[in-house]
Amino acid sequence: MRDIDWLLTEAHALRERGELDPARALYHEALEKARATGETEGLAKALRHVSDLDREAGRPEAALAAAEEAATLYGALGRERRLDLANALRLTALALEALGRPALQPWREAGDLYAELDIAAGLAEAERHLGLVVRPAQSVELAALARLWWQGWRDAHLPIVPEALAQLRTLESFTARMAAALPRVRVLGPLGAPMGLHLIKDDELNQLYLAAEARGTGAAAVLMADAETHLADASVQTAWLACAIGNDRAARFYEKSGWTRARAETVPTETSVGSFPLEVWRYEKVLTRSEP
């Protein structure tokens, strides 16, 4: 009778020789045998390999299900299986990306584990996929950026701004504004999967928004640092930004980032039918230009 270890070893050898279909069959046999006998480690290992093969074969939904189950199993096995957990989280992230879905959290968790274990290659891959580099916006991502901006605005402002302004803030209006602003927009995250954006107008940090899935990851600080650097490099000595009164989450972030609330004032906010007067908190920060 073929045991799980034998099946996994043979499957690995077949895969190394490029015989993928026979390898997949043996991994599935090992998976079902482990599931039937309750052998958690064998099941998790088989699931990992099945996920990898399914993704490579263009079956990302199946790959994601297998990787997520493997990660759950390894997580329950304790800290001695941290490397296996990191590898399962990596496969989860790759499957999510193959589906065109956000993969920030599994990459972040995998990267933290690789760093803890001093696995340089794994950490480098995670950081590359996290895309914690800010870059100029590209025309092909207009729709994605407009939707990120629109959703971020709705999350923060719908409960606190006048209804007349909320009615003007349609997705179409954000798309038009983004199209006009695109040359001045900088983006955090890979092309096609933006995690955040900022827009500078003269001495003002006019917009800064983060995708919901990127909150709490440190991405906002990276985005803010890039914005401040560009303002300082443009010889802005004191930058300012407007925060809608009542947007306490944003206010806490600005203050944590070293910005000071100067006063409340009314500013003309841009809409599709002209400017709309909105009372805001004005935040300011004295900037220091970094030496080249």
# chains A, B, ... in the order shown; residues from 1 in each chain; ligands from 1
call {"tool": "residues_around", "arguments": {"residues": "stretch 119-122 of chain A", "least_positions_apart": "4", "cutoff": "10 Å", "atoms": "only C-alpha atoms", "output": "number ranges by chain"}}
result
A: 83, 86-87, 90, 107, 110-115, 126-128
call {"tool": "residues_around", "arguments": {"residues": "stretch 225-233 of chain A", "least_positions_apart": "5", "cutoff": "12 Å", "atoms": "only C-alpha atoms", "output": "PyMOL selection string"}}
result
chain A and resi 132-136+184-188+196-209+218-220+238-241+254+257-259+284-292
call {"tool": "closest_residue", "arguments": {"among": "A:Pro102, A:Gly18, A:Gly42, A:Gly246", "to": "A:Pro190", "atoms": "only C-alpha atoms"}}
result
A:Pro102
call {"tool": "closest_residue", "arguments": {"among": "A:Gly100, A:Pro277, A:Pro183, A:Gly152", "to": "A:Leu171", "atoms": "only C-alpha atoms"}}
result
A:Gly152
